[in-house]
>>> print(open('protein17.pdb').read())   # PDB, C-alpha atoms
ATOM      1  CA  MET L   1     152.140 173.122  34.619
ATOM      2  CA  ALA L   2     150.754 174.398  37.912
ATOM      3  CA  ALA L   3     148.000 176.269  36.121
ATOM      4  CA  ALA L   4     147.057 173.143  34.144
ATOM      5  CA  ALA L   5     146.889 171.053  37.344
ATOM      6  CA  ALA L   6     144.807 173.746  39.027
ATOM      7  CA  ALA L   7     142.384 173.699  36.074
ATOM      8  CA  GLY L   8     141.981 169.940  36.469
ATOM      9  CA  GLY L   9     141.349 170.268  40.199
ATOM     10  CA  GLN L  10     138.760 172.957  39.637
ATOM     11  CA  ALA L  11     136.972 170.832  37.030
ATOM     12  CA  ILE L  12     136.711 167.977  39.551
ATOM     13  CA  GLU L  13     135.335 170.254  42.259
ATOM     14  CA  ASN L  14     132.712 171.632  39.873
ATOM     15  CA  GLN L  15     131.533 168.142  38.986
ATOM     16  CA  LEU L  16     131.295 167.088  42.623
ATOM     17  CA  LYS L  17     129.051 170.075  43.327
ATOM     18  CA  ILE L  18     126.884 169.456  40.251
ATOM     19  CA  CYS L  19     126.335 165.802  41.185
ATOM     20  CA  GLY L  20     125.773 166.582  44.850
ATOM     21  CA  TYR L  21     128.309 164.076  46.197
ATOM     22  CA  LYS L  22     128.713 164.450  49.955
ATOM     23  CA  SER L  23     131.898 162.391  50.342
ATOM     24  CA  ASN L  24     134.611 160.868  48.172
ATOM     25  CA  GLU L  25     133.229 157.397  48.906
ATOM     26  CA  ASP L  26     130.003 158.350  47.120
ATOM     27  CA  VAL L  27     131.700 159.204  43.828
ATOM     28  CA  VAL L  28     131.033 156.453  41.283
ATOM     29  CA  ALA L  29     130.922 158.578  38.110
ATOM     30  CA  LEU L  30     132.913 161.619  37.046
ATOM     31  CA  TYR L  31     132.453 163.650  33.851
ATOM     32  CA  LEU L  32     135.510 165.709  32.892
ATOM     33  CA  ALA L  33     135.131 165.690  29.103
ATOM     34  CA  ARG L  34     135.466 168.644  26.689
ATOM     35  CA  GLN L  35     137.162 171.023  29.100
ATOM     36  CA  GLY L  36     140.537 171.494  27.389
ATOM     37  CA  LEU L  37     142.383 169.790  30.256
ATOM     38  CA  ARG L  38     146.071 168.948  29.903
ATOM     39  CA  ASN L  39     146.614 167.521  33.373
ATOM     40  CA  ILE L  40     144.390 165.953  36.000
ATOM     41  CA  PRO L  41     145.364 165.523  39.660
ATOM     42  CA  SER L  42     145.299 162.080  41.229
ATOM     43  CA  LEU L  43     141.855 160.515  41.520
ATOM     44  CA  SER L  44     142.974 158.021  44.170
ATOM     45  CA  GLN L  45     140.589 159.519  46.737
ATOM     46  CA  PHE L  46     137.675 158.240  44.675
ATOM     47  CA  ARG L  47     138.254 154.557  45.347
ATOM     48  CA  ARG L  48     134.776 153.485  44.204
ATOM     49  CA  LEU L  49     134.885 155.361  40.917
ATOM     50  CA  LYS L  50     133.413 153.163  38.157
ATOM     51  CA  TYR L  51     132.636 155.494  35.244
ATOM     52  CA  LEU L  52     135.050 158.160  34.020
ATOM     53  CA  TRP L  53     134.812 160.470  31.008
ATOM     54  CA  ILE L  54     137.999 162.373  30.112
ATOM     55  CA  ASN L  55     137.479 162.387  26.348
ATOM     56  CA  ASN L  56     138.028 165.416  24.097
ATOM     57  CA  ASN L  57     140.773 167.021  26.173
ATOM     58  CA  LYS L  58     144.551 167.325  25.680
ATOM     59  CA  ILE L  59     145.653 164.618  28.121
ATOM     60  CA  GLN L  60     149.134 163.142  27.579
ATOM     61  CA  ASP L  61     149.666 161.331  30.894
ATOM     62  CA  LEU L  62     147.491 158.853  32.812
ATOM     63  CA  THR L  63     149.306 158.563  36.140
ATOM     64  CA  PHE L  64     146.261 160.040  37.907
ATOM     65  CA  LEU L  65     144.500 156.658  37.508
ATOM     66  CA  ILE L  66     147.022 154.666  39.532
ATOM     67  CA  LYS L  67     144.582 153.544  42.277
ATOM     68  CA  ASN L  68     141.165 153.501  40.634
ATOM     69  CA  TYR L  69     140.801 149.719  40.589
ATOM     70  CA  TYR L  70     136.986 149.701  40.363
ATOM     71  CA  LEU L  71     136.752 151.431  36.986
ATOM     72  CA  THR L  72     134.509 149.551  34.549
ATOM     73  CA  GLU L  73     134.094 152.240  31.872
ATOM     74  CA  LEU L  74     136.865 154.603  30.791
ATOM     75  CA  TYR L  75     136.571 157.117  27.965
ATOM     76  CA  LEU L  76     139.974 158.476  26.890
ATOM     77  CA  ASN L  77     139.272 159.108  23.221
ATOM     78  CA  ASN L  78     140.227 162.337  21.447
ATOM     79  CA  ASN L  79     143.257 163.196  23.545
ATOM     80  CA  GLU L  80     147.022 163.377  22.898
ATOM     81  CA  LEU L  81     148.160 160.058  24.369
ATOM     82  CA  THR L  82     151.324 158.607  22.828
ATOM     83  CA  ASP L  83     151.954 155.754  25.278
ATOM     84  CA  ILE L  84     149.843 153.999  27.933
ATOM     85  CA  SER L  85     152.518 151.628  29.270
ATOM     86  CA  GLY L  86     152.198 151.104  33.022
ATOM     87  CA  ALA L  87     149.097 153.276  33.294
ATOM     88  CA  LEU L  88     146.152 150.923  32.768
ATOM     89  CA  LYS L  89     147.212 147.314  33.399
ATOM     90  CA  HIS L  90     145.909 147.400  36.990
ATOM     91  CA  LEU L  91     142.360 148.175  35.821
ATOM     92  CA  CYS L  92     141.281 144.533  35.661
ATOM     93  CA  SER L  93     137.564 145.352  35.984
ATOM     94  CA  LEU L  94     137.354 147.460  32.823
ATOM     95  CA  GLN L  95     134.595 146.437  30.428
ATOM     96  CA  ILE L  96     134.566 149.445  28.097
ATOM     97  CA  LEU L  97     137.682 151.336  27.002
ATOM     98  CA  PHE L  98     137.752 154.101  24.387
ATOM     99  CA  LEU L  99     141.224 155.084  23.193
ATOM    100  CA  HIS L 100     140.452 156.098  19.620
ATOM    101  CA  ASN L 101     141.787 159.255  18.025
ATOM    102  CA  ASN L 102     144.976 159.513  20.055
ATOM    103  CA  LYS L 103     148.636 159.184  19.003
ATOM    104  CA  LEU L 104     149.383 155.594  20.040
ATOM    105  CA  LYS L 105     152.034 154.128  17.736
ATOM    106  CA  LYS L 106     153.249 150.829  19.230
ATOM    107  CA  LEU L 107     150.693 148.066  18.780
ATOM    108  CA  GLY L 108     152.562 145.431  20.815
ATOM    109  CA  LYS L 109     153.137 147.665  23.858
ATOM    110  CA  THR L 110     149.566 148.947  23.801
ATOM    111  CA  VAL L 111     147.997 145.480  23.618
ATOM    112  CA  LYS L 112     150.376 144.168  26.293
ATOM    113  CA  GLU L 113     149.089 146.850  28.666
ATOM    114  CA  LEU L 114     145.524 145.595  28.163
ATOM    115  CA  LYS L 115     146.135 141.829  28.440
ATOM    116  CA  GLY L 116     145.185 141.628  32.102
ATOM    117  CA  MET L 117     141.730 143.095  31.461
ATOM    118  CA  ILE L 118     139.866 139.792  31.336
ATOM    119  CA  SER L 119     136.467 141.531  31.471
ATOM    120  CA  LEU L 120     137.153 143.938  28.604
ATOM    121  CA  GLN L 121     134.391 143.591  26.024
ATOM    122  CA  THR L 122     134.327 146.891  24.108
ATOM    123  CA  LEU L 123     137.538 148.476  22.815
ATOM    124  CA  ASN L 124     138.186 151.364  20.427
ATOM    125  CA  LEU L 125     141.678 151.941  19.038
ATOM    126  CA  PHE L 126     140.911 153.290  15.583
ATOM    127  CA  GLN L 127     142.387 156.604  14.391
ATOM    128  CA  ASN L 128     145.688 155.820  16.087
ATOM    129  CA  PRO L 129     148.882 155.247  14.069
ATOM    130  CA  LEU L 130     149.009 151.639  15.349
ATOM    131  CA  ALA L 131     145.689 150.884  13.640
ATOM    132  CA  TYR L 132     147.363 151.146  10.224
ATOM    133  CA  ASP L 133     149.297 147.929  10.814
ATOM    134  CA  PRO L 134     148.011 145.449   8.172
ATOM    135  CA  ASP L 135     147.342 142.764  10.801
ATOM    136  CA  TYR L 136     146.188 145.173  13.496
ATOM    137  CA  ARG L 137     142.651 143.838  13.923
ATOM    138  CA  LEU L 138     143.620 140.152  13.979
ATOM    139  CA  TYR L 139     146.457 140.904  16.410
ATOM    140  CA  VAL L 140     144.105 142.585  18.878
ATOM    141  CA  ILE L 141     141.503 139.824  18.498
ATOM    142  CA  TYR L 142     144.043 137.084  19.219
ATOM    143  CA  PHE L 143     145.789 138.684  22.203
ATOM    144  CA  LEU L 144     142.623 140.180  23.755
ATOM    145  CA  PRO L 145     140.139 137.285  23.391
ATOM    146  CA  SER L 146     137.546 138.798  25.747
ATOM    147  CA  VAL L 147     136.866 141.715  23.376
ATOM    148  CA  GLN L 148     133.514 141.321  21.608
ATOM    149  CA  LEU L 149     133.214 144.755  19.979
ATOM    150  CA  LEU L 150     136.369 146.195  18.417
ATOM    151  CA  ASP L 151     136.325 149.626  16.767
ATOM    152  CA  ARG L 152     132.519 149.589  16.658
ATOM    153  CA  LYS L 153     132.453 146.258  14.796
ATOM    154  CA  LEU L 154     131.497 142.890  16.267
ATOM    155  CA  VAL L 155     134.288 140.329  16.365
ATOM    156  CA  THR L 156     133.226 137.343  14.247
ATOM    157  CA  GLU L 157     134.067 133.687  14.728
ATOM    158  CA  LYS L 158     135.757 133.699  11.333
ATOM    159  CA  GLU L 159     138.047 136.515  12.490
ATOM    160  CA  ARG L 160     138.949 134.549  15.616
ATOM    161  CA  GLU L 161     139.835 131.532  13.477
ATOM    162  CA  SER L 162     141.952 133.691  11.157
ATOM    163  CA  ALA L 163     143.737 135.244  14.131
ATOM    164  CA  LEU L 164     144.455 131.809  15.602
ATOM    165  CA  HIS L 165     145.778 130.554  12.271
ATOM    166  CA  LEU L 166     148.022 133.622  11.899
ATOM    167  CA  TYR L 167     149.471 133.828  15.406
ATOM    168  CA  ASN L 168     149.270 130.207  16.592
ATOM    169  CA  PRO L 169     149.403 127.912  13.538
ATOM    170  CA  LYS L 170     150.549 124.929  15.639
ATOM    171  CA  ARG L 171     147.434 125.064  17.794
ATOM    172  CA  THR L 172     145.300 125.416  14.657
ATOM    173  CA  TRP L 173     146.844 122.252  13.229
ATOM    174  CA  VAL L 174     146.241 120.355  16.473
ATOM    175  CA  MET L 175     142.594 121.435  16.583
ATOM    176  CA  GLN L 176     142.037 120.447  12.958
ATOM    177  CA  SER L 177     143.669 117.032  13.377
ATOM    178  CA  ILE L 178     142.292 116.211  16.813
ATOM    179  CA  ALA L 179     141.536 112.539  17.387
ATOM    180  CA  PHE L 180     138.931 110.908  19.558
ATOM    181  CA  GLY L 181     139.353 107.557  21.272
ATOM    182  CA  LYS L 182     137.263 104.874  22.941
ATOM    183  CA  ARG L 183     137.780 101.621  24.819
ATOM    184  CA  VAL L 184     137.108  98.512  22.743
ATOM    185  CA  ASP L 185     135.717  95.310  24.233
ATOM    186  CA  THR L 186     137.922  92.319  23.425
ATOM    187  CA  SER L 187     138.095  88.726  24.511
ATOM    188  CA  LEU L 188     141.113  86.625  25.278
ATOM    189  CA  GLU L 189     140.753  84.780  21.973
ATOM    190  CA  THR L 190     141.160  87.996  19.900
ATOM    191  CA  VAL L 191     143.911  87.521  17.351
ATOM    192  CA  VAL L 192     146.517  90.284  17.409
ATOM    193  CA  GLU L 193     147.286  90.985  13.765
ATOM    194  CA  SER L 194     150.552  92.754  14.430
ATOM    195  CA  ARG L 195     152.001  89.652  16.045
ATOM    196  CA  ARG L 196     154.555  88.167  13.691
ATOM    197  CA  CYS L 197     154.211  84.422  13.466
ATOM    198  CA  THR L 198     154.941  81.954  10.706
ATOM    199  CA  GLN L 199     152.802  79.280  12.324
ATOM    200  CA  PRO L 200     149.002  79.302  12.547
ATOM    201  CA  ALA L 201     147.692  81.425  15.372
ATOM    202  CA  ARG L 202     146.835  79.480  18.487
ATOM    203  CA  GLY L 203     145.358  80.298  21.844
ATOM    204  CA  PRO L 204     147.606  80.209  24.883
ATOM    205  CA  ILE L 205     147.727  76.960  26.808
ATOM    206  CA  MET L 206     146.583  78.036  30.255
ATOM    207  CA  PRO L 207     147.421  76.036  33.362
ATOM    208  CA  SER L 208     144.514  74.821  35.434
ATOM    209  CA  GLY L 209     143.487  77.085  38.282
ATOM    210  CA  HIS L 210     144.831  80.237  36.602
ATOM    211  CA  GLU L 211     142.649  83.331  37.047
ATOM    212  CA  PHE L 212     143.052  86.785  35.534
ATOM    213  CA  GLY L 213     143.829  89.570  37.926
ATOM    214  CA  ASN L 214     144.708  87.176  40.779
ATOM    215  CA  ASN L 215     148.244  88.144  41.652
ATOM    216  CA  THR L 216     148.473  85.411  44.302
ATOM    217  CA  ASN L 217     147.909  82.630  41.761
ATOM    218  CA  LYS L 218     151.164  82.397  39.862
ATOM    219  CA  VAL L 219     150.991  78.931  38.345
ATOM    220  CA  PRO L 220     153.722  78.788  35.672
ATOM    221  CA  PHE L 221     152.811  78.362  31.989
ATOM    222  CA  GLU L 222     154.215  75.533  29.951
ATOM    223  CA  ASP L 223     155.341  77.987  27.254
ATOM    224  CA  PRO L 224     156.792  81.432  28.271
ATOM    225  CA  GLU L 225     155.234  82.946  25.133
ATOM    226  CA  ASP L 226     151.797  82.019  26.500
ATOM    227  CA  ALA L 227     152.473  84.039  29.636
ATOM    228  CA  VAL L 228     153.482  87.066  27.545
ATOM    229  CA  LEU L 229     150.388  86.768  25.366
ATOM    230  CA  VAL L 230     148.003  86.434  28.320
ATOM    231  CA  ARG L 231     149.552  89.474  29.962
ATOM    232  CA  ALA L 232     149.128  91.492  26.758
ATOM    233  CA  MET L 233     145.528  90.397  26.271
ATOM    234  CA  THR L 234     144.512  91.611  29.736
ATOM    235  CA  ARG L 235     145.441  95.176  28.851
ATOM    236  CA  SER L 236     142.784  97.590  27.640
ATOM    237  CA  LEU L 237     142.535  97.955  23.894
ATOM    238  CA  MET L 238     142.167 101.592  22.763
ATOM    239  CA  GLU L 239     140.847 102.653  19.406
ATOM    240  CA  PHE L 240     141.666 106.158  18.158
ATOM    241  CA  SER L 241     140.106 107.779  15.133
ATOM    242  CA  SER L 242     141.266 110.916  13.340
ATOM    243  CA  VAL L 243     139.405 113.024  10.786
ATOM    244  CA  ASP L 244     140.644 115.877   8.583
ATOM    245  CA  TRP L 245     138.328 118.621   9.835
ATOM    246  CA  ASN L 246     139.278 120.879   6.923
ATOM    247  CA  LYS L 247     137.132 118.620   4.723
ATOM    248  CA  VAL L 248     134.094 118.796   7.002
ATOM    249  CA  ALA L 249     131.502 121.179   5.582
ATOM    250  CA  THR L 250     129.987 123.808   7.836
ATOM    251  CA  CYS L 251     126.224 124.121   8.301
ATOM    252  CA  HIS L 252     126.206 127.082   5.929
ATOM    253  CA  GLU L 253     128.137 125.167   3.269
ATOM    254  CA  ARG L 254     125.787 122.187   3.563
ATOM    255  CA  ARG L 255     122.786 124.415   3.014
ATOM    256  CA  LEU L 256     124.357 125.992  -0.068
ATOM    257  CA  LYS L 257     125.273 122.645  -1.637
ATOM    258  CA  ASN L 258     121.834 121.184  -1.017
ATOM    259  CA  LYS L 259     123.049 117.668  -1.737
ATOM    260  CA  ALA L 260     124.216 114.617   0.129
ATOM    261  CA  GLU L 261     127.690 114.784   1.584
ATOM    262  CA  GLU L 262     130.411 112.397   0.556
ATOM    263  CA  PRO L 263     131.540 110.101   3.363
ATOM    264  CA  LEU L 264     134.563 111.348   5.265
ATOM    265  CA  GLU L 265     137.832 109.478   5.374
ATOM    266  CA  LYS L 266     138.571 108.318   8.905
ATOM    267  CA  LEU L 267     141.891 106.903  10.059
ATOM    268  CA  THR L 268     141.493 104.397  12.899
ATOM    269  CA  VAL L 269     144.342 102.939  14.961
ATOM    270  CA  GLN L 270     144.083 100.283  17.654
ATOM    271  CA  PHE L 271     146.703  99.604  20.279
ATOM    272  CA  ARG L 272     147.139  98.371  23.804
TER     273      ARG L 272
END
>>> encode(input="protein17.pdb", output="structure tokens")
Amino acid sequence: MAAAAAAGGQAIENQLKICGYKSNEDVVALYLARQGLRNIPSLSQFRRLKYLWINNNKIQDLTFLIKNYYLTELYLNNNELTDISGALKHLCSLQILFLHNNKLKKLGKTVKELKGMISLQTLNLFQNPLAYDPDYRLYVIYFLPSVQLLDRKLVTEKERESALHLYNPKRTWVMQSIAFGKRVDTSLETVVESRRCTQPARGPIMPSGHEFGNNTNKVPFEDPEDAVLVRAMTRSLMEFSSVDWNKVATCHERRLKNKAEEPLEKLTVQFR
């Protein structure tokens, strides 16, 4: 163990000399790949480190990264990692992370560790046991929405929709049945169809001097029902419409059909 740690320390010193860094504050990139390393000493002294290559070694532990908050690119592929829990979640600035060809088995724990990386755009997890999960790709796409390039393949909009449908069907249903509303102009004489009445509809008999919105003028109505009706008619009337978006053709589908679309069915509800 001591010999392995010493080898890691020596590799770091060699790189510092090659790059000509004069102080730890100057170190922004460190190349430690392909050196057969099993252990690496803490890199906490390099607080401004942004780019780190440790790929193609025999690394099994990542505790040496505990304080490197500025990392934006991290290459850990081709190592012997079996678990990354608690080792990477603090790296919120990461944009590129290579973890392919390791021994990561637990998809849920691995993705949970990466959830806080809101800037993560490129991620490689292929050639790990977890990648053989049948829903692996959709799972990663749903829980890590910032990722644009997964396992060297661009994430498509169709894949995002499939992931949403699989892992959040309720939200999918809401989005597909979303309604849109608007205020409708109405006058006092508008007849409310839902009002049950066996007699012909009539307008309210309004006392002289009555004005809408004037709370100081409270002249009583001759008929209490007139007061109720006037109060109801002063409320805003809202009209909501809902469309089944599953029946709305996409631009691509419209081009393929090359014919006029059938009118959509729209459900409209009005209420005060």
>>> atom_distance(input="protein17.pdb", atom1="atom CA of L:Cys92", atom2="atom CA of L:Arg34")
26.4 Å
>>> atom_distance(input="protein17.pdb", atom1="atom CA of L:Lys67", atom2="atom CA of L:Lys17")
22.7 Å
>>> residues_near_point(input="protein17.pdb", point="(152.7, 147.3, 26.9)", cutoff="10 Å", atoms="only C-alpha atoms", output="MDAnalysis selection string")
chainID L and resid 83:89 106:115
>>> closest_residue(input="protein17.pdb", among="L:Ile141, L:Leu125, L:Ile54, L:Met117", to="L:Asn39", atoms="all atoms listed in the file")
L:Ile54
>>> resolve_selection(input="protein17.pdb", expression="the PyMOL selection byres ((chain L and resi 50) around 10)", output="JSON, numbers by chain")
{"L": [27, 28, 29, 30, 46, 47, 48, 49, 51, 52, 68, 69, 70, 71, 72, 73, 74, 93, 94]}
>>> atom_distance(input="protein17.pdb", atom1="atom CA of L:Ser44", atom2="atom CA of L:Phe64")
7.4 Å
>>> closest_residue(input="protein17.pdb", among="L:Lys170, L:Leu123, L:Leu65, L:Arg137", to="L:Thr156", atoms="all atoms listed in the file")
L:Arg137
>>> closest_residue(input="protein17.pdb", among="L:Leu166, L:Leu97, L:Ala33, L:Leu91", to="L:Phe143", atoms="all atoms listed in the file")
L:Leu166
>>> closest_residue(input="protein17.pdb", among="L:Asn168, L:Thr63, L:Asn14, L:Gln95", to="L:Leu138", atoms="all atoms listed in the file")
L:Asn168
>>> resolve_selection(input="protein17.pdb", expression="the PyMOL selection byres ((chain L and resi 120) around 7)", output="PyMOL selection string")
chain L and resi 94-96+117-119+121-122+146-147
>>> residues_around(input="protein17.pdb", residues="stretch 55-60 of chain L", least_positions_apart="2", cutoff="10 Å", atoms="only C-alpha atoms", output="JSON list (two decimals) with C-alpha atoms, in the frame of the given file")
[["chain", "number", "residue", "atom", "x", "y", "z"],
["L", 31, "TYR", "CA", 132.45, 163.65, 33.85],
["L", 32, "LEU", "CA", 135.51, 165.71, 32.89],
["L", 33, "ALA", "CA", 135.13, 165.69, 29.10],
["L", 34, "ARG", "CA", 135.47, 168.64, 26.69],
["L", 35, "GLN", "CA", 137.16, 171.02, 29.10],
["L", 36, "GLY", "CA", 140.54, 171.49, 27.39],
["L", 37, "LEU", "CA", 142.38, 169.79, 30.26],
["L", 38, "ARG", "CA", 146.07, 168.95, 29.90],
["L", 39, "ASN", "CA", 146.61, 167.52, 33.37],
["L", 40, "ILE", "CA", 144.39, 165.95, 36.00],
["L", 52, "LEU", "CA", 135.05, 158.16, 34.02],
["L", 53, "TRP", "CA", 134.81, 160.47, 31.01],
["L", 62, "LEU", "CA", 147.49, 158.85, 32.81],
["L", 63, "THR", "CA", 149.31, 158.56, 36.14],
["L", 74, "LEU", "CA", 136.86, 154.60, 30.79],
["L", 75, "TYR", "CA", 136.57, 157.12, 27.96],
["L", 76, "LEU", "CA", 139.97, 158.48, 26.89],
["L", 77, "ASN", "CA", 139.27, 159.11, 23.22],
["L", 78, "ASN", "CA", 140.23, 162.34, 21.45],
["L", 79, "ASN", "CA", 143.26, 163.20, 23.54],
["L", 80, "GLU", "CA", 147.02, 163.38, 22.90],
["L", 81, "LEU", "CA", 148.16, 160.06, 24.37],
["L", 82, "THR", "CA", 151.32, 158.61, 22.83],
["L", 83, "ASP", "CA", 151.95, 155.75, 25.28],
["L", 84, "ILE", "CA", 149.84, 154.00, 27.93],
["L", 98, "PHE", "CA", 137.75, 154.10, 24.39],
["L", 99, "LEU", "CA", 141.22, 155.08, 23.19],
["L", 100, "HIS", "CA", 140.45, 156.10, 19.62],
["L", 101, "ASN", "CA", 141.79, 159.26, 18.02],
["L", 102, "ASN", "CA", 144.98, 159.51, 20.06],
["L", 103, "LYS", "CA", 148.64, 159.18, 19.00]]
>>> axis_aligned_box(input="protein17.pdb", around="stretch 96-110 of chain L", padding_each_side="8 Å", output="lines of an AutoDock Vina configuration file")
center_x = 143.9
center_y = 152.5
center_z = 22.9
size_x = 34.7
size_y = 30.1
size_z = 26.4
